[in-house]
Amino acid sequence: MSELYSLKSRLCRFMLVLTVALTAIGFSLIAARGAAAQSFGTVTVGQPIDVTTLNPTQNTVKYMRRVFRHIFDPLISIDADSVARPVLAEKWETLDSVTWRFYLKKGVKFHNGEPFTAEAVQLALKEFQTPPAREAALFTRIFKEAKIIDEHTVDLITNYPYAFVVSLLADALYPVPPKYYQEVGREKFSLNPIGTGPYKFESWNKGDRVVLTSNADHWKGKPKAAKVVFWAMPEPSTRVAALLNQEADVIASVLPAHAESLKKGKKVHLVVAPESAQPIWGGIVVDRPQLKDVRVRRAVNYAVNKQALADKLLNGFGKVMNQGCSAGSVCWNPKLDPYTYNPKKARQLLAEAGAKDLKLSIHFSGLVSQSSELAQAIAGYLRAVGIETQLIQEEWAVMSKKVFDFENKQKDLGDIFLIYYAAGPDVERLQVELFGEGGGYNWNHYVNPKLTELYKKASTTFDEKKRKQIFMEASRVVNAEVPWLFIYEPLSLWGVSNRFQWKAGATDMFFTEDMQLRQNK
Amino acid sequence: MWHFVARRLMTSCFVIFGVVTVIFVLIRLTGDPVTLMMQPGMTVQDAQELRRYWGLDRPIHEQYFAFLADVVKGEFGISPWQLQPALGLVLGRLPATFLLTGASMAFSLVIALIVGTLSALRRNTLVDRLGMGFVLLGQSIPNFWLGLMLILLFAVNLGWLPSAGYGTPQHLVLPMVSLGLFTLARLTRLVRSELLEVFSQDYIRTARSKGLSEWMLFRRHALPNIVIPIITVMALDFGILMGGAVIIETIFAWPGVGRLMIQAIEQRDFAILQAGVFMVALLVVTANFLADLAYAWIDPRIRYG
């Protein structure tokens, strides 16, 4: 018995020693963390996904462009007020309907000392047009070639008159160093990029973070941060925790549900973008027999209470849509029917159209945020006006096959499909893709000769004010013809440390040099 | 012994061959990955060109034999999503997954041995009830919820530990606890029940009656007899932890293989999926093989011919 007691007491002593040891280790870890937290000059940006390449010619997804913007300088950039600003292109002009001449900044060097010349622009465009670059088809369709006029002058020649070149290239085309690129090849460049930007590449721990260090020799002067770290954190709650814990200074893609936490945070604040970067809409496949009548499509729009959806699902951080253009964009028309919730009018329109026993399918995937709740709410509203609905939920990998099935005219796609488009500076080009005849995003088969004519005119109108008028008229047509169930535009939410002052733009871009230190934290 | 090793190597090859064949077929049943690469303005011809570029236009059996030939050479092709060699991408993530899995298993084992032993020695007392209550909680709490709560408490409220990330020992603590808790609970219950059974055996009574101290009894007779089932459970849990860490990796932004695989599924990246499943299968088969070798090392009665 006493020996049994001895064994137990040994174990208990061991437990005590282990507890003390773990506590000591724990405190040392906390102390070490405390010591590390006292360093300055590093800006950490948390975003949902990691980059897949550091080669800016291969991918233009916004999460990557945020990183590219730091390592590389673009020819043109869009500022927070959505105005195109010269960067490496000091100025540009159109020589004729297909030739855009860019005058490049002199005296700029890449991080390895290679001089920045027109050859770098030519190479970037060529790489953009070469598979497996993500935008190869688009850039090949639009651009014929880049012609070097002299060391600091380059002509970008389009295949046909195309007025949207500036918005297409803004924050998208980043010149790359020709000599270094040819030495290392595309694949190695993706792992060890060299640009002209304010930050140099230091390291990339895949799936974790990209670390950039200050380029003291940048042509604009010494950058503001000593280091910029892009940290991939897929879980939204974790991003918020990291910001509240001061491990991150800026976090992107804050969910509406987390906005209150940031508003209440003592060392952080919420930044709301003025316009949406990802309007969410329901494409209506207009050549289906039950949807050909415009009164039915209008009824669908009147039947859904979009303001309630924006209030509930977006916690008020969103705007209701009534046209293809997002509010505040160059093509947005403020004088259009808002399609305010009116189920009585919806029933009236359905009766006028003779639409009895109408059945519609609503197709959605996880690609759209809160798609399940949105689809169910829309189904409920439609049922309330007598439209029977069927919900089809699929993974985007499966749904995308049906969306892009142009060969079979999207025969397996639902009557209404929930999707978004990435708004930004090239919203004009996107309108043509969304509503133009044969447009790459025109999955709902909407064809309107008047619209086709307007878009053709817009794409050859180089005067911005005149082009804006054309697009506003196009928006009026789209609003009246309702090829969509207009839903809402979520506003991008960012969390920012009180160390900094920063204004979010409509393009969802982030650039450290746009931040200021806050006077009162 | 060498016969055993040779036999296991052969069967392992068949297992891995079977696994890569199944994954090759299964992922191709999910559809055409080119649809996820489509951008506005791309025509049907562009899509066909992409299929040709990635070798997806060949007949399925040609793709399969080409794939097997590459596997033998240790190549899994280029990832269409990341435009890098797929095997390199998977291997690059393995250290993080090993670290998390290994740390979780070590954490589970150490705590389970202590708590399970105390529970067995103090059966039906408050200590035992607390231990089993802890086990019940450990098996009931979802690890993703636990992870978020630990972040809230230790990172946000107390500021003791980082909320997420990878690279320092501090970063390992919370994900290790979140991932390891379920295994810890299972092992604790196993240790307790095995010890109770061992302590009731005649040879223990005999050894005790011969005057052997309780500590020697525990160390020389009880502990070795419970190690075999512990190794068995841990070998099985290794595979589960390797694959199941994806949720913890997502919550804690841990750059492991699980997260990469989930993203590859979303992108229909056949190359990464094939490379990833191959590596995980190889590791699980190896872990089970090492477990079998460990049996022979620990228990001299076990001999392989």
# chains A, B, ... in the order shown; residues from 1 in each chain; ligands from 1
$ interface_residues --of "chain B" --to "chain A" --cutoff "8 Å" --atoms "only C-alpha atoms" --output "number ranges by chain"
B: 30-33, 35-42, 44, 46, 50, 80-84, 92-93, 114, 118, 121, 148, 151-152, 155-156, 159-166, 169-170, 213-215, 250-256, 260, 266-268
$ write_last_selection --atoms "N, CA and C atoms" --output "compact mmCIF listing (two decimals), in the first residue's frame"
# COMPACT_ATOMS: atom_id res chain seq x y z
N THR B 30 -15.04 14.68 -61.90
CA THR B 30 -15.62 15.95 -61.42
C THR B 30 -15.83 16.94 -62.56
N GLY B 31 -15.24 16.69 -63.71
CA GLY B 31 -15.50 17.58 -64.84
C GLY B 31 -14.24 18.13 -65.46
N ASP B 32 -14.45 19.12 -66.28
CA ASP B 32 -13.38 19.68 -67.10
C ASP B 32 -12.73 20.88 -66.38
N PRO B 33 -11.45 20.79 -66.04
CA PRO B 33 -10.82 21.90 -65.33
C PRO B 33 -10.69 23.15 -66.19
N THR B 35 -12.92 24.71 -67.75
CA THR B 35 -14.02 25.66 -67.52
C THR B 35 -13.67 26.64 -66.41
N LEU B 36 -12.83 26.23 -65.48
CA LEU B 36 -12.44 27.16 -64.41
C LEU B 36 -11.36 28.13 -64.88
N MET B 37 -10.78 27.85 -66.05
CA MET B 37 -9.75 28.75 -66.56
C MET B 37 -10.35 29.76 -67.54
N MET B 38 -11.66 29.61 -67.83
CA MET B 38 -12.28 30.46 -68.85
C MET B 38 -12.36 31.90 -68.39
N GLN B 39 -12.02 32.79 -69.29
CA GLN B 39 -12.11 34.22 -69.02
C GLN B 39 -12.99 34.84 -70.11
N PRO B 40 -13.52 36.04 -69.88
CA PRO B 40 -14.37 36.66 -70.90
C PRO B 40 -13.63 36.76 -72.22
N GLY B 41 -14.34 36.52 -73.27
CA GLY B 41 -13.74 36.64 -74.58
C GLY B 41 -13.15 35.34 -75.07
N MET B 42 -13.04 34.38 -74.19
CA MET B 42 -12.47 33.10 -74.64
C MET B 42 -13.51 32.34 -75.44
N VAL B 44 -14.70 28.87 -77.89
CA VAL B 44 -14.63 27.41 -77.80
C VAL B 44 -13.24 26.95 -78.26
N ASP B 46 -10.45 28.63 -78.01
CA ASP B 46 -9.49 28.93 -76.95
C ASP B 46 -9.52 27.83 -75.90
N LEU B 50 -6.50 25.35 -74.78
CA LEU B 50 -6.07 25.15 -73.38
C LEU B 50 -6.03 23.66 -73.06
N PRO B 80 -1.79 23.76 -63.23
CA PRO B 80 -2.36 24.82 -64.07
C PRO B 80 -2.77 26.04 -63.24
N TRP B 81 -3.02 25.82 -61.98
CA TRP B 81 -3.49 26.91 -61.11
C TRP B 81 -2.31 27.76 -60.64
N GLN B 82 -1.21 27.10 -60.23
CA GLN B 82 -0.09 27.84 -59.67
C GLN B 82 1.10 27.94 -60.63
N LEU B 83 1.01 27.23 -61.76
CA LEU B 83 2.06 27.28 -62.78
C LEU B 83 3.44 26.92 -62.23
N GLN B 84 3.46 26.00 -61.29
CA GLN B 84 4.70 25.49 -60.72
C GLN B 84 4.62 23.97 -60.68
N GLY B 92 6.73 21.28 -50.56
CA GLY B 92 6.98 22.54 -49.86
C GLY B 92 6.07 22.73 -48.66
N ARG B 93 4.90 22.13 -48.70
CA ARG B 93 3.93 22.28 -47.59
C ARG B 93 4.08 21.18 -46.54
N ILE B 114 -0.14 10.63 -18.83
CA ILE B 114 -0.21 11.12 -17.45
C ILE B 114 -1.64 11.01 -16.92
N LEU B 118 -3.04 8.31 -14.10
CA LEU B 118 -3.61 8.79 -12.84
C LEU B 118 -5.05 8.31 -12.67
N LEU B 121 -4.94 4.62 -11.75
CA LEU B 121 -4.45 4.37 -10.39
C LEU B 121 -5.44 4.85 -9.35
N LEU B 148 -11.14 28.55 -32.57
CA LEU B 148 -11.59 29.95 -32.53
C LEU B 148 -11.66 30.46 -31.10
N ILE B 151 -8.19 31.17 -29.83
CA ILE B 151 -7.68 32.43 -30.41
C ILE B 151 -8.27 33.60 -29.64
N LEU B 152 -9.57 33.53 -29.39
CA LEU B 152 -10.24 34.63 -28.69
C LEU B 152 -9.66 34.84 -27.30
N ALA B 155 -5.18 34.87 -27.58
CA ALA B 155 -4.58 35.86 -28.47
C ALA B 155 -5.23 37.22 -28.29
N VAL B 156 -6.54 37.27 -28.49
CA VAL B 156 -7.21 38.56 -28.50
C VAL B 156 -7.35 39.14 -27.08
N GLY B 159 -3.68 38.19 -25.04
CA GLY B 159 -2.50 38.63 -25.76
C GLY B 159 -1.26 37.80 -25.48
N TRP B 160 -1.44 36.56 -25.05
CA TRP B 160 -0.29 35.73 -24.70
C TRP B 160 0.34 35.07 -25.91
N LEU B 161 -0.48 34.73 -26.89
CA LEU B 161 0.00 33.94 -28.01
C LEU B 161 -0.49 34.57 -29.31
N PRO B 162 0.20 34.27 -30.42
CA PRO B 162 -0.28 34.80 -31.70
C PRO B 162 -1.58 34.12 -32.13
N SER B 163 -2.37 34.83 -32.89
CA SER B 163 -3.67 34.29 -33.30
C SER B 163 -3.51 33.27 -34.42
N ALA B 164 -2.52 33.43 -35.24
CA ALA B 164 -2.39 32.55 -36.41
C ALA B 164 -0.99 32.68 -36.95
N GLY B 165 -0.70 31.87 -37.95
CA GLY B 165 0.59 32.00 -38.63
C GLY B 165 1.50 30.83 -38.34
N TYR B 166 2.70 30.97 -38.81
CA TYR B 166 3.65 29.85 -38.81
C TYR B 166 5.05 30.41 -38.70
N PRO B 169 7.82 28.80 -32.26
CA PRO B 169 7.14 27.86 -31.34
C PRO B 169 5.82 28.41 -30.81
N GLN B 170 5.76 29.73 -30.64
CA GLN B 170 4.50 30.31 -30.14
C GLN B 170 3.35 30.02 -31.11
N SER B 213 8.78 -3.04 -6.47
CA SER B 213 8.18 -1.75 -6.10
C SER B 213 7.11 -1.39 -7.14
N GLU B 214 6.17 -0.54 -6.72
CA GLU B 214 5.08 -0.14 -7.62
C GLU B 214 5.61 0.59 -8.85
N TRP B 215 6.67 1.39 -8.61
CA TRP B 215 7.20 2.16 -9.72
C TRP B 215 7.81 1.21 -10.76
N THR B 250 -6.74 26.02 -41.88
CA THR B 250 -7.47 27.18 -42.38
C THR B 250 -7.66 28.21 -41.28
N ILE B 251 -8.08 27.76 -40.11
CA ILE B 251 -8.35 28.69 -39.01
C ILE B 251 -7.07 29.40 -38.57
N PHE B 252 -5.99 28.65 -38.48
CA PHE B 252 -4.75 29.24 -37.97
C PHE B 252 -3.82 29.70 -39.08
N ALA B 253 -4.30 29.73 -40.32
CA ALA B 253 -3.47 30.16 -41.45
C ALA B 253 -2.15 29.38 -41.47
N TRP B 254 -2.27 28.08 -41.24
CA TRP B 254 -1.09 27.22 -41.18
C TRP B 254 -0.86 26.68 -42.59
N PRO B 255 0.31 26.94 -43.19
CA PRO B 255 0.51 26.59 -44.61
C PRO B 255 0.82 25.12 -44.84
N GLY B 256 -0.15 24.27 -44.58
CA GLY B 256 0.05 22.83 -44.69
C GLY B 256 -0.53 22.24 -45.97
N LEU B 260 -3.75 23.22 -49.01
CA LEU B 260 -3.39 23.21 -50.44
C LEU B 260 -4.32 22.29 -51.20
N GLU B 266 -10.97 22.94 -55.25
CA GLU B 266 -11.81 24.05 -55.74
C GLU B 266 -11.38 24.49 -57.14
N GLN B 267 -10.08 24.40 -57.40
CA GLN B 267 -9.56 24.84 -58.69
C GLN B 267 -9.53 23.70 -59.71
N ARG B 268 -9.90 22.53 -59.29
CA ARG B 268 -9.81 21.31 -60.14
C ARG B 268 -8.40 21.17 -60.68
$ select_by_dssp --residues "range 38-279 of chain B" --states "helix (DSSP H, G or I)" --output "ChimeraX atom specification"
/B:44-53,60-72,86-121,126-140,143-157,169-199,202-209,214-244,246-251,257-267,270-279
$ residues_around --residues "range 483-498 of chain A" --least-positions-apart "6" --cutoff "8 Å" --atoms "only C-alpha atoms" --output "PDB file with N, CA and C atoms, in the first residue's frame"
ATOM      1  N   VAL A 240      -9.621  39.012 -38.302  1.00  0.00           N
ATOM      2  CA  VAL A 240     -10.060  40.020 -37.334  1.00  0.00           C
ATOM      3  C   VAL A 240      -9.267  39.876 -36.042  1.00  0.00           C
ATOM      4  N   LEU A 243      -5.847  41.314 -36.394  1.00  0.00           N
ATOM      5  CA  LEU A 243      -5.849  42.781 -36.364  1.00  0.00           C
ATOM      6  C   LEU A 243      -6.034  43.277 -34.940  1.00  0.00           C
ATOM      7  N   GLN A 246      -3.029  43.035 -32.989  1.00  0.00           N
ATOM      8  CA  GLN A 246      -1.942  43.857 -33.544  1.00  0.00           C
ATOM      9  C   GLN A 246      -0.869  43.026 -34.244  1.00  0.00           C
ATOM     10  N   ALA A 248      -1.566  42.054 -37.372  1.00  0.00           N
ATOM     11  CA  ALA A 248      -1.767  42.590 -38.713  1.00  0.00           C
ATOM     12  C   ALA A 248      -2.128  44.063 -38.576  1.00  0.00           C
ATOM     13  N   ASP A 249      -1.719  44.845 -39.580  1.00  0.00           N
ATOM     14  CA  ASP A 249      -2.042  46.266 -39.563  1.00  0.00           C
ATOM     15  C   ASP A 249      -3.243  46.590 -40.444  1.00  0.00           C
ATOM     16  N   VAL A 250      -3.421  45.782 -41.469  1.00  0.00           N
ATOM     17  CA  VAL A 250      -4.546  45.991 -42.386  1.00  0.00           C
ATOM     18  C   VAL A 250      -5.097  44.611 -42.709  1.00  0.00           C
ATOM     19  N   ILE A 251      -6.411  44.475 -42.725  1.00  0.00           N
ATOM     20  CA  ILE A 251      -7.001  43.216 -43.181  1.00  0.00           C
ATOM     21  C   ILE A 251      -8.073  43.519 -44.221  1.00  0.00           C
ATOM     22  N   ALA A 252      -8.098  42.648 -45.231  1.00  0.00           N
ATOM     23  CA  ALA A 252      -9.064  42.811 -46.318  1.00  0.00           C
ATOM     24  C   ALA A 252     -10.231  41.856 -46.103  1.00  0.00           C
ATOM     25  N   SER A 253     -11.280  42.076 -46.872  1.00  0.00           N
ATOM     26  CA  SER A 253     -12.437  41.169 -46.888  1.00  0.00           C
ATOM     27  C   SER A 253     -13.011  40.919 -45.503  1.00  0.00           C
ATOM     28  N   VAL A 254     -13.282  41.984 -44.796  1.00  0.00           N
ATOM     29  CA  VAL A 254     -13.946  41.845 -43.491  1.00  0.00           C
ATOM     30  C   VAL A 254     -15.419  41.545 -43.744  1.00  0.00           C
ATOM     31  N   LEU A 255     -15.938  40.569 -43.051  1.00  0.00           N
ATOM     32  CA  LEU A 255     -17.357  40.235 -43.229  1.00  0.00           C
ATOM     33  C   LEU A 255     -18.224  41.285 -42.527  1.00  0.00           C
ATOM     34  N   PRO A 256     -19.410  41.547 -43.046  1.00  0.00           N
ATOM     35  CA  PRO A 256     -20.307  42.497 -42.382  1.00  0.00           C
ATOM     36  C   PRO A 256     -20.559  42.132 -40.912  1.00  0.00           C
ATOM     37  N   ALA A 259     -18.017  43.663 -38.592  1.00  0.00           N
ATOM     38  CA  ALA A 259     -17.794  45.108 -38.637  1.00  0.00           C
ATOM     39  C   ALA A 259     -17.912  45.749 -37.248  1.00  0.00           C
ATOM     40  N   LEU A 262     -14.840  45.606 -35.092  1.00  0.00           N
ATOM     41  CA  LEU A 262     -13.802  46.567 -35.467  1.00  0.00           C
ATOM     42  C   LEU A 262     -14.210  47.981 -35.060  1.00  0.00           C
ATOM     43  N   LYS A 267      -7.956  49.842 -30.766  1.00  0.00           N
ATOM     44  CA  LYS A 267      -6.736  50.157 -31.512  1.00  0.00           C
ATOM     45  C   LYS A 267      -6.910  49.947 -33.007  1.00  0.00           C
ATOM     46  N   VAL A 268      -8.128  49.746 -33.407  1.00  0.00           N
ATOM     47  CA  VAL A 268      -8.384  49.498 -34.829  1.00  0.00           C
ATOM     48  C   VAL A 268      -9.610  50.288 -35.260  1.00  0.00           C
ATOM     49  N   HIS A 269      -9.787  50.403 -36.547  1.00  0.00           N
ATOM     50  CA  HIS A 269     -11.009  51.026 -37.042  1.00  0.00           C
ATOM     51  C   HIS A 269     -11.417  50.381 -38.354  1.00  0.00           C
ATOM     52  N   LEU A 270     -12.664  50.593 -38.695  1.00  0.00           N
ATOM     53  CA  LEU A 270     -13.242  50.011 -39.906  1.00  0.00           C
ATOM     54  C   LEU A 270     -13.144  51.028 -41.036  1.00  0.00           C
ATOM     55  N   VAL A 271     -12.749  50.550 -42.206  1.00  0.00           N
ATOM     56  CA  VAL A 271     -12.729  51.425 -43.391  1.00  0.00           C
ATOM     57  C   VAL A 271     -13.682  50.816 -44.413  1.00  0.00           C
ATOM     58  N   VAL A 272     -14.597  51.630 -44.903  1.00  0.00           N
ATOM     59  CA  VAL A 272     -15.604  51.142 -45.856  1.00  0.00           C
ATOM     60  C   VAL A 272     -15.311  51.766 -47.218  1.00  0.00           C
ATOM     61  N   ALA A 273     -15.256  50.934 -48.244  1.00  0.00           N
ATOM     62  CA  ALA A 273     -15.021  51.459 -49.594  1.00  0.00           C
ATOM     63  C   ALA A 273     -16.246  52.234 -50.045  1.00  0.00           C
ATOM     64  N   PRO A 274     -16.066  53.247 -50.858  1.00  0.00           N
ATOM     65  CA  PRO A 274     -17.206  54.060 -51.272  1.00  0.00           C
ATOM     66  C   PRO A 274     -18.099  53.349 -52.283  1.00  0.00           C
ATOM     67  N   GLU A 275     -17.508  52.430 -53.027  1.00  0.00           N
ATOM     68  CA  GLU A 275     -18.293  51.716 -54.023  1.00  0.00           C
ATOM     69  C   GLU A 275     -17.943  50.244 -53.929  1.00  0.00           C
ATOM     70  N   SER A 276     -18.761  49.457 -54.570  1.00  0.00           N
ATOM     71  CA  SER A 276     -18.558  48.023 -54.503  1.00  0.00           C
ATOM     72  C   SER A 276     -17.555  47.558 -55.548  1.00  0.00           C
ATOM     73  N   ALA A 277     -16.794  46.556 -55.177  1.00  0.00           N
ATOM     74  CA  ALA A 277     -15.876  45.952 -56.137  1.00  0.00           C
ATOM     75  C   ALA A 277     -16.443  44.645 -56.698  1.00  0.00           C
ATOM     76  N   GLN A 278     -17.526  44.148 -56.109  1.00  0.00           N
ATOM     77  CA  GLN A 278     -18.090  42.871 -56.572  1.00  0.00           C
ATOM     78  C   GLN A 278     -19.604  42.880 -56.501  1.00  0.00           C
ATOM     79  N   PRO A 279     -20.261  43.597 -57.432  1.00  0.00           N
ATOM     80  CA  PRO A 279     -21.733  43.579 -57.420  1.00  0.00           C
ATOM     81  C   PRO A 279     -22.248  42.159 -57.633  1.00  0.00           C
ATOM     82  N   ILE A 280     -23.310  41.852 -56.917  1.00  0.00           N
ATOM     83  CA  ILE A 280     -23.906  40.523 -57.015  1.00  0.00           C
ATOM     84  C   ILE A 280     -25.240  40.648 -57.747  1.00  0.00           C
ATOM     85  N   TRP A 281     -25.445  39.787 -58.707  1.00  0.00           N
ATOM     86  CA  TRP A 281     -26.652  39.882 -59.522  1.00  0.00           C
ATOM     87  C   TRP A 281     -27.147  38.494 -59.877  1.00  0.00           C
ATOM     88  N   GLY A 282     -28.379  38.453 -60.385  1.00  0.00           N
ATOM     89  CA  GLY A 282     -28.956  37.197 -60.833  1.00  0.00           C
ATOM     90  C   GLY A 282     -29.183  37.305 -62.340  1.00  0.00           C
ATOM     91  N   GLY A 283     -28.397  36.550 -63.095  1.00  0.00           N
ATOM     92  CA  GLY A 283     -28.612  36.565 -64.543  1.00  0.00           C
ATOM     93  C   GLY A 283     -29.928  35.878 -64.873  1.00  0.00           C
ATOM     94  N   ILE A 284     -30.718  36.482 -65.732  1.00  0.00           N
ATOM     95  CA  ILE A 284     -31.983  35.859 -66.159  1.00  0.00           C
ATOM     96  C   ILE A 284     -31.770  35.396 -67.599  1.00  0.00           C
ATOM     97  N   VAL A 285     -31.902  34.103 -67.829  1.00  0.00           N
ATOM     98  CA  VAL A 285     -31.669  33.583 -69.180  1.00  0.00           C
ATOM     99  C   VAL A 285     -32.859  33.973 -70.037  1.00  0.00           C
ATOM    100  N   VAL A 286     -32.698  35.042 -70.810  1.00  0.00           N
ATOM    101  CA  VAL A 286     -33.847  35.739 -71.399  1.00  0.00           C
ATOM    102  C   VAL A 286     -34.486  35.009 -72.576  1.00  0.00           C
ATOM    103  N   ARG A 297     -39.807  39.620 -66.424  1.00  0.00           N
ATOM    104  CA  ARG A 297     -38.504  39.968 -65.829  1.00  0.00           C
ATOM    105  C   ARG A 297     -38.651  41.165 -64.895  1.00  0.00           C
ATOM    106  N   VAL A 300     -40.180  39.949 -61.693  1.00  0.00           N
ATOM    107  CA  VAL A 300     -39.184  39.290 -60.827  1.00  0.00           C
ATOM    108  C   VAL A 300     -38.433  40.351 -60.019  1.00  0.00           C
ATOM    109  N   ASN A 301     -38.097  41.467 -60.672  1.00  0.00           N
ATOM    110  CA  ASN A 301     -37.356  42.528 -59.973  1.00  0.00           C
ATOM    111  C   ASN A 301     -38.213  43.241 -58.929  1.00  0.00           C
ATOM    112  N   LYS A 306     -34.918  44.013 -52.272  1.00  0.00           N
ATOM    113  CA  LYS A 306     -33.451  44.056 -52.271  1.00  0.00           C
ATOM    114  C   LYS A 306     -32.908  44.872 -51.099  1.00  0.00           C
ATOM    115  N   ALA A 310     -30.130  43.663 -48.486  1.00  0.00           N
ATOM    116  CA  ALA A 310     -28.899  44.404 -48.189  1.00  0.00           C
ATOM    117  C   ALA A 310     -28.794  44.697 -46.697  1.00  0.00           C
ATOM    118  N   LEU A 314     -26.052  42.116 -45.514  1.00  0.00           N
ATOM    119  CA  LEU A 314     -24.840  42.923 -45.547  1.00  0.00           C
ATOM    120  C   LEU A 314     -24.718  43.845 -44.340  1.00  0.00           C
ATOM    121  N   PHE A 317     -24.063  47.327 -45.130  1.00  0.00           N
ATOM    122  CA  PHE A 317     -22.859  47.729 -45.888  1.00  0.00           C
ATOM    123  C   PHE A 317     -23.023  47.328 -47.350  1.00  0.00           C
ATOM    124  N   GLY A 318     -23.940  47.960 -48.014  1.00  0.00           N
ATOM    125  CA  GLY A 318     -24.159  47.626 -49.408  1.00  0.00           C
ATOM    126  C   GLY A 318     -25.187  48.549 -50.018  1.00  0.00           C
ATOM    127  N   LYS A 319     -25.254  48.536 -51.312  1.00  0.00           N
ATOM    128  CA  LYS A 319     -26.217  49.387 -52.015  1.00  0.00           C
ATOM    129  C   LYS A 319     -27.054  48.493 -52.928  1.00  0.00           C
ATOM    130  N   VAL A 320     -28.310  48.848 -53.036  1.00  0.00           N
ATOM    131  CA  VAL A 320     -29.192  48.087 -53.926  1.00  0.00           C
ATOM    132  C   VAL A 320     -28.848  48.451 -55.368  1.00  0.00           C
ATOM    133  N   MET A 321     -28.916  47.453 -56.238  1.00  0.00           N
ATOM    134  CA  MET A 321     -28.619  47.717 -57.665  1.00  0.00           C
ATOM    135  C   MET A 321     -29.909  47.885 -58.441  1.00  0.00           C
ATOM    136  N   ASN A 322     -29.820  48.675 -59.509  1.00  0.00           N
ATOM    137  CA  ASN A 322     -30.957  48.738 -60.427  1.00  0.00           C
ATOM    138  C   ASN A 322     -30.482  48.790 -61.882  1.00  0.00           C
ATOM    139  N   GLN A 323     -29.183  48.527 -62.071  1.00  0.00           N
ATOM    140  CA  GLN A 323     -28.619  48.566 -63.413  1.00  0.00           C
ATOM    141  C   GLN A 323     -27.340  47.747 -63.390  1.00  0.00           C
ATOM    142  N   GLY A 324     -26.739  47.581 -64.556  1.00  0.00           N
ATOM    143  CA  GLY A 324     -25.543  46.746 -64.620  1.00  0.00           C
ATOM    144  C   GLY A 324     -24.313  47.389 -64.015  1.00  0.00           C
ATOM    145  N   SER A 326     -22.149  49.543 -61.278  1.00  0.00           N
ATOM    146  CA  SER A 326     -22.202  49.783 -59.832  1.00  0.00           C
ATOM    147  C   SER A 326     -22.307  51.280 -59.584  1.00  0.00           C
ATOM    148  N   ILE A 416     -32.473  31.498 -63.418  1.00  0.00           N
ATOM    149  CA  ILE A 416     -31.820  32.650 -62.779  1.00  0.00           C
ATOM    150  C   ILE A 416     -30.562  32.090 -62.105  1.00  0.00           C
ATOM    151  N   ASN A 444     -26.558  34.947 -70.202  1.00  0.00           N
ATOM    152  CA  ASN A 444     -28.021  34.885 -70.223  1.00  0.00           C
ATOM    153  C   ASN A 444     -28.590  35.244 -71.603  1.00  0.00           C
ATOM    154  N   TYR A 446     -28.578  37.713 -73.677  1.00  0.00           N
ATOM    155  CA  TYR A 446     -29.312  38.954 -73.905  1.00  0.00           C
ATOM    156  C   TYR A 446     -28.775  39.616 -75.177  1.00  0.00           C
ATOM    157  N   ALA A 504     -10.080  53.651 -48.577  1.00  0.00           N
ATOM    158  CA  ALA A 504     -10.247  52.569 -49.551  1.00  0.00           C
ATOM    159  C   ALA A 504     -10.843  53.130 -50.828  1.00  0.00           C
ATOM    160  N   ASP A 508     -10.731  48.086 -54.848  1.00  0.00           N
ATOM    161  CA  ASP A 508     -10.291  47.039 -53.922  1.00  0.00           C
ATOM    162  C   ASP A 508      -8.773  46.841 -53.912  1.00  0.00           C
ATOM    163  N   ARG A 518      -1.345  57.938 -38.433  1.00  0.00           N
ATOM    164  CA  ARG A 518      -2.414  58.669 -37.762  1.00  0.00           C
ATOM    165  C   ARG A 518      -1.839  59.526 -36.656  1.00  0.00           C
ATOM    166  N   LYS A 521      -3.873  58.268 -32.031  1.00  0.00           N
ATOM    167  CA  LYS A 521      -4.204  56.841 -32.086  1.00  0.00           C
ATOM    168  C   LYS A 521      -5.239  56.492 -31.035  1.00  0.00           C
TER     169      LYS A 521
END
$ atom_distance --atom1 "CA of Phe417 in chain A" --atom2 "CA of Phe364 in chain A"
5.8 Å
$ atom_distance --atom1 "CA of Asp463 in chain A" --atom2 "CA of Leu104 in chain A"
22.4 Å
$ closest_residue --among "B:Met132, B:Ile60, B:Val284, B:Val5" --to "Val25 in chain B" --atoms "only C-alpha atoms"
B:Ile60
$ closest_residue --among "A:Leu451, A:Ala474, A:Val296, A:Met64" --to "Val330 in chain A" --atoms "only C-alpha atoms"
A:Ala474
$ residues_around --residues "Leu391 in chain A" --least-positions-apart "3" --cutoff "12 Å" --atoms "only C-alpha atoms" --output "MDAnalysis selection string"
chainID A and resid 359:365 371:380 382 388 394 413:418
$ closest_residue --among "B:Leu158, B:Ala120, B:Leu153, B:Leu137" --to "Ser193 in chain B" --atoms "only C-alpha atoms"
B:Ala120
$ atom_distance --atom1 "CA of Thr452 in chain A" --atom2 "CA of Gln431 in chain A"
11.1 Å
$ residues_around --residues "Ala245 in chain B" --least-positions-apart "3" --cutoff "8 Å" --atoms "only C-alpha atoms" --output "ChimeraX atom specification"
/B:97,101,179,241-242,248-249,258
$ residues_around --residues "Ile71 in chain A" --least-positions-apart "6" --cutoff "8 Å" --atoms "only C-alpha atoms" --output "ChimeraX atom specification"
/A:193-201,212
